[in-house]
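Visitor: Can you keep this structure in mind? I'll have questions shortly.
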Amino acid sequence: MGYKQEREDKVMGKNLVIIGGGAGGASVAAEAKRSDPSLAVMIVESGGFVSVAA
Amino acid sequence: MPYYIGDVIKEERKLVIRTPEKFRETGVDVRLHVIAEEVDADKGVVRLSDGTALNYDILALGMGTSPFVPKIPGLDLEGVFTLKTLNDATRIKAFIKDSPCRKAVIVGAGFIGMEMSEALKTRGVDTHVVDLMPRPAVRWDPEFSKVILEELTRQGVAFSPNTGIVAIDKGKGYRLHVATDDGGMEADMVLIAIGVRPNVKLAADMGLQIGKTGAIQVDFSQRTSKEGIYAVGDCCEVYHRVSKRWAHVPLGDIANKQGRVAGRNIGGGSIIFPGVVGAQSFKVFHCEAAATGLDEAEALNCGYHPVSNIIWGNAIARSMPGEKRVGVKLVADRATGKLLGAQAVGTTGAVNRINVLSCALWSGISVDEIGYFDFAYAPPFSPAWDPIHIAAQELLRKL
């Protein structure tokens with residue numbers, strides 16, 4: 001899938017907003033995007049890092 | 001993170017599985033340092049602390065937990081820490097390196113307190129652990145707590161049982177003075193590690209069901225009580241396969257799995273998260289501790305008729321040099337003969353045995369079967385009769 005296609009998908013796909021980018025939220029983002037590349041995914045994180053191992 | 005602070009893991013970046021840049025390459029946007037302040041679930045809008053708003057079709061909540069802190073004065077003093085975020089870990093690591101940090105008081109002898117006692121002691125900080133409970137690692141049997149305490153003592157870590165802290169002040173010889181209910185002590189650093197609570201305010205405010213545990217209620221697909229809103233990780237509940245109740249088990253490995261399940265379902269799939277059996281472990285110096293399932297009190301509370309035993313065996317064959325003592329505790333249900341829980345402590349071989357027993361719990365296997373389980377036997381790894389076999393066969397006689 002090329003870049004252009006991806007942009008079009010973004011416009012067409014549903015908006016997924018994820019509040020919190022820890023282990024759980026980051027996994028949601030990765031798997032949702034993998035399962036449905038048309039999703040527009042946004043992670044909102046209060047701290048300075050996402051996807052941190054405990 | 002304790003291993004990063006203890007400098008076993010040298011670099012902060014090793015703890016970051018996927019950077020925001022990596023996410024962006026895969027088409028996932030990341031906004032850091034913004035707080036979701038309010039969600040209008042009817043309109044599908046999240047309002048953020050920077051004044052902007054985001055429209056969503058699907059929302060996923062992964063707000064995690066916040067550390068419990070006692071309501072005492074002095075928590076804002078320099079040198080007082082909690083350990084939750086990577087930022088906390090980095091601050092603690094810098095503090096140990098750059099400030100004079102000769103002595104630390106750790107409040108709480110749970111697994112973070114235990115791991116941090118090793119990390120700090122290894123960095124040359126004189127370490128004193130205090131806890132309200134009469135022994136460290138109360139999740140474990142008193143006989144196993146004793147082994148953990150012996151290891152702390154052997155390594156020069158002080159432990160004060162039945163001790164609550166009432167205030168933190170500036171110290172004289174050290175940076176801080178910690179007042180306890182029966183005296184006090186001075187230290188350059190205080191780490192509060194007495195547990196966590198789920199961050200559910202945002203969820204409660206938008207009208208999501210909160211479970212009895214205080215965490216967000218979800219189903220096996222990670223859906224909350226409102227259409228199109230999912231929750232994952234430490235802020236939500238998880239099904240406990242042994243208690244058959246929804247529980248709050250804030251551990252990162254569970255969060256990963258719940259996140260993947262939610263992500264798949266959001267992406268059009270249909271999978272469930274099958275729950276947990278309550279497996280957990282920690283290491284403190286040369287002692288491994290692991291537990292799974294229920295202890296007797298929890299089992300009673302769930303309506304089971306628990307019978308238990310503890311055996312001490314060798315983690316390796318008797319013919320091999322150097323005994324490696326490992327203690328195994330099993331809890332079973334008198335009515336059904338099924339395993340309900342297990343604990344193990346030892347210099348080695350405790351965690352792998354609990355992993356095996358977690359599989360037994362997962363499948364609902366009875367104790368008589370465990371007595372003849374087929375293991376990957378070889379002298380460096382276990383005796384021919386593994387401590388698990390011995391524990392199961394002994395327990396069977398009591399059932």
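By order of appearance in the structure tokens: chains A, B, ..., then residues from 1 within every chain, and ligands from 1 in the order shown.
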Skip range 345-362 of chain B itself and residues of its chain fewer than 5 positions away, then list as an NGL selection string all residues within 6 Å of it, counting only C-alpha atoms.
Guide: :B and (286-290 or 315 or 325-327)
Visitor: Please determine the contact residues of chain A with respect to chain B at a cut-off of 7 Å, counting only C-alpha atoms, and supply them as a ChimeraX atom specification.
Guide: /A:14-25,27-29,31-33,35-36,41-48,50-54
Visitor: Calculate how many Å separate CA of Gly278 in chain B from CA of Phe373 in chain B, rounding to one decimal.
Guide: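 Straight-line distance from CA of Gly278 in chain B to CA of Phe373 in chain B works out to 21.4 Å.
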Visitor: Might you pull out every residue within 6 Å of Pro136 in chain B, with only C-alpha atoms counted and same-chain residues fewer than 2 positions away left off, and present them as a list in words?
Guide: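 The residues satisfying every condition are Ala109, Val138 and Ser145 of chain B.
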Visitor: Could you save those same residues with C-alpha atoms as an mmCIF file, in the first residue's frame?
Guide:
data_model
loop_
_atom_site.group_PDB
_atom_site.id
_atom_site.type_symbol
_atom_site.label_atom_id
_atom_site.label_comp_id
_atom_site.auth_asym_id
_atom_site.auth_seq_id
_atom_site.Cartn_x
_atom_site.Cartn_y
_atom_site.Cartn_z
ATOM 1 C CA ALA B 109 7.352 -4.120 51.090
ATOM 2 C CA VAL B 138 2.332 -10.457 52.420
ATOM 3 C CA SER B 145 8.043 -14.113 53.750
#
Visitor: Can you list every residue in range 270-341 of chain B that DSSP puts in helix (DSSP H, G or I), as a list in words?
Guide: Glu296, Ala297, Glu298, Ala299, Leu300 and Asn301 of chain B
Visitor: For the residues in that selection, give me C-alpha atoms as an mmCIF file, in the first residue's frame.
Guide:
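Below you can see out_25.cif, which holds the result:
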data_model
loop_
_atom_site.group_PDB
_atom_site.id
_atom_site.type_symbol
_atom_site.label_atom_id
_atom_site.label_comp_id
_atom_site.auth_asym_id
_atom_site.auth_seq_id
_atom_site.Cartn_x
_atom_site.Cartn_y
_atom_site.Cartn_z
ATOM 1 C CA GLU B 296 -6.504 -19.879 51.499
ATOM 2 C CA ALA B 297 -8.288 -16.675 52.568
ATOM 3 C CA GLU B 298 -9.193 -15.758 48.989
ATOM 4 C CA ALA B 299 -10.313 -19.334 48.309
ATOM 5 C CA LEU B 300 -12.576 -19.333 51.369
ATOM 6 C CA ASN B 301 -13.975 -16.007 50.274
#
Visitor: Could you give me, as a VMD selection string, the residues within 8 Å of Ile316 in chain B, counting only C-alpha atoms and dropping anything in the same chain fewer than 2 positions from it?
Guide: chain B and resid 314 318 320 323 to 324 379 to 383
Visitor: The selected residues should be written to file as a PDB file, in the first residue's frame (atoms: C-alpha atoms).
Guide:
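After the write, out_17.pdb holds the following:
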ATOM      1  CA  ASN B 314      15.751 -29.077  45.793  1.00  0.00           C
ATOM      2  CA  ARG B 318      20.319 -34.270  44.613  1.00  0.00           C
ATOM      3  CA  MET B 320      24.322 -32.267  41.519  1.00  0.00           C
ATOM      4  CA  GLU B 323      21.705 -27.593  46.891  1.00  0.00           C
ATOM      5  CA  LYS B 324      19.175 -25.055  45.643  1.00  0.00           C
ATOM      6  CA  PRO B 379      19.696 -33.176  36.687  1.00  0.00           C
ATOM      7  CA  PRO B 380      20.620 -29.466  36.325  1.00  0.00           C
ATOM      8  CA  PHE B 381      16.939 -28.512  36.186  1.00  0.00           C
ATOM      9  CA  SER B 382      15.098 -30.747  38.634  1.00  0.00           C
ATOM     10  CA  PRO B 383      15.141 -33.953  40.643  1.00  0.00           C
TER      11      PRO B 383
END
Visitor: Looking only at the backbone, which of the residues in range 108-337 of chain B does DSSP tag as strand (DSSP E or B), as a PyMOL selection string?
Guide: chain B and resi 126-130+158-160+165-170+176-180+183-187+189-192+196-198+210+216+223+229-231+236+238-240+245-247+276+280-284+287-293+306-314+325-333
Visitor: Deliver the residues from the most recent selection as a file, using C-alpha atoms, as a short mmCIF file (atom, residue, chain, number, x, y, z; two decimals), in the first residue's frame.
Guide:
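In the end it all went to result_20.cif:
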data_model
loop_
_atom_site.label_atom_id
_atom_site.label_comp_id
_atom_site.auth_asym_id
_atom_site.auth_seq_id
_atom_site.Cartn_x
_atom_site.Cartn_y
_atom_site.Cartn_z
CA ASP B 126 21.89 2.18 52.62
CA THR B 127 18.29 0.92 52.42
CA HIS B 128 15.58 0.58 55.04
CA VAL B 129 12.15 -0.86 54.17
CA VAL B 130 9.14 -0.15 56.40
CA ALA B 158 16.87 -3.21 57.15
CA PHE B 159 13.18 -4.04 57.55
CA SER B 160 10.77 -2.55 60.09
CA ILE B 165 4.93 6.77 58.49
CA VAL B 166 3.17 9.84 59.85
CA ALA B 167 5.21 12.75 58.45
CA ILE B 168 8.27 13.63 56.40
CA ASP B 169 10.35 16.64 57.39
CA LYS B 170 13.71 18.16 56.64
CA LEU B 176 14.92 14.11 55.25
CA HIS B 177 13.47 12.94 58.53
CA VAL B 178 10.77 10.28 58.40
CA ALA B 179 8.52 10.24 61.45
CA THR B 180 6.94 6.85 62.09
CA GLY B 183 9.86 6.90 66.37
CA GLY B 184 11.65 8.04 63.27
CA MET B 185 14.65 7.78 61.02
CA GLU B 186 16.66 10.01 58.73
CA ALA B 187 17.35 9.43 55.05
CA MET B 189 15.51 9.71 49.90
CA VAL B 190 12.05 8.30 50.56
CA LEU B 191 10.23 6.07 48.09
CA ILE B 192 6.51 5.54 48.64
CA VAL B 196 -1.78 1.81 43.15
CA ARG B 197 -5.37 2.72 42.36
CA PRO B 198 -6.96 2.72 38.92
CA ILE B 210 -17.16 1.08 37.42
CA ILE B 216 -13.59 0.17 34.89
CA ARG B 223 -15.87 -3.24 25.73
CA ILE B 229 -15.81 2.72 24.12
CA TYR B 230 -13.16 0.18 25.12
CA ALA B 231 -10.89 0.02 28.17
CA CYS B 236 -9.95 -1.74 34.00
CA VAL B 238 -9.88 -8.51 34.27
CA TYR B 239 -11.61 -11.86 34.63
CA HIS B 240 -9.95 -14.13 37.18
CA ARG B 245 -14.84 -13.04 39.53
CA TRP B 246 -13.74 -9.83 37.88
CA ALA B 247 -10.59 -8.58 39.56
CA VAL B 276 -5.89 -14.43 34.14
CA GLN B 280 3.03 -12.85 39.45
CA SER B 281 6.66 -12.86 40.46
CA PHE B 282 9.52 -10.74 41.68
CA LYS B 283 13.18 -11.16 42.43
CA VAL B 284 15.02 -9.67 45.37
CA CYS B 287 15.61 -14.88 45.95
CA GLU B 288 12.88 -15.60 43.41
CA ALA B 289 9.29 -15.34 44.60
CA ALA B 290 6.28 -16.32 42.52
CA ALA B 291 2.61 -16.91 43.16
CA THR B 292 -0.46 -17.84 41.18
CA GLY B 293 -4.15 -18.40 41.79
CA PRO B 306 -9.11 -24.86 50.70
CA VAL B 307 -6.53 -27.37 51.89
CA SER B 308 -2.87 -26.44 51.61
CA ASN B 309 0.64 -27.65 52.24
CA ILE B 310 4.21 -26.41 51.94
CA ILE B 311 7.17 -28.57 51.05
CA TRP B 312 10.86 -27.73 50.77
CA GLY B 313 12.77 -29.48 48.03
CA ASN B 314 15.75 -29.08 45.79
CA ARG B 325 16.36 -25.04 48.11
CA VAL B 326 12.94 -24.22 46.73
CA GLY B 327 9.72 -24.03 48.70
CA VAL B 328 6.44 -24.93 47.03
CA LYS B 329 3.04 -24.26 48.50
CA LEU B 330 -0.12 -25.67 46.96
CA VAL B 331 -3.72 -24.83 47.74
CA ALA B 332 -6.46 -27.17 46.53
CA ASP B 333 -10.21 -27.49 46.86
#
Visitor: Hey, can you check how far CA of Lys93 in chain B sits from CA of Asp131 in chain B?
Guide: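 About the pair CA of Lys93 in chain B and CA of Asp131 in chain B: they are 23.2 Å apart.
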Visitor: What's the separation between CA of Pro70 in chain B and CA of Leu120 in chain B, in Å to one decimal place?
Guide: 22.1 Å
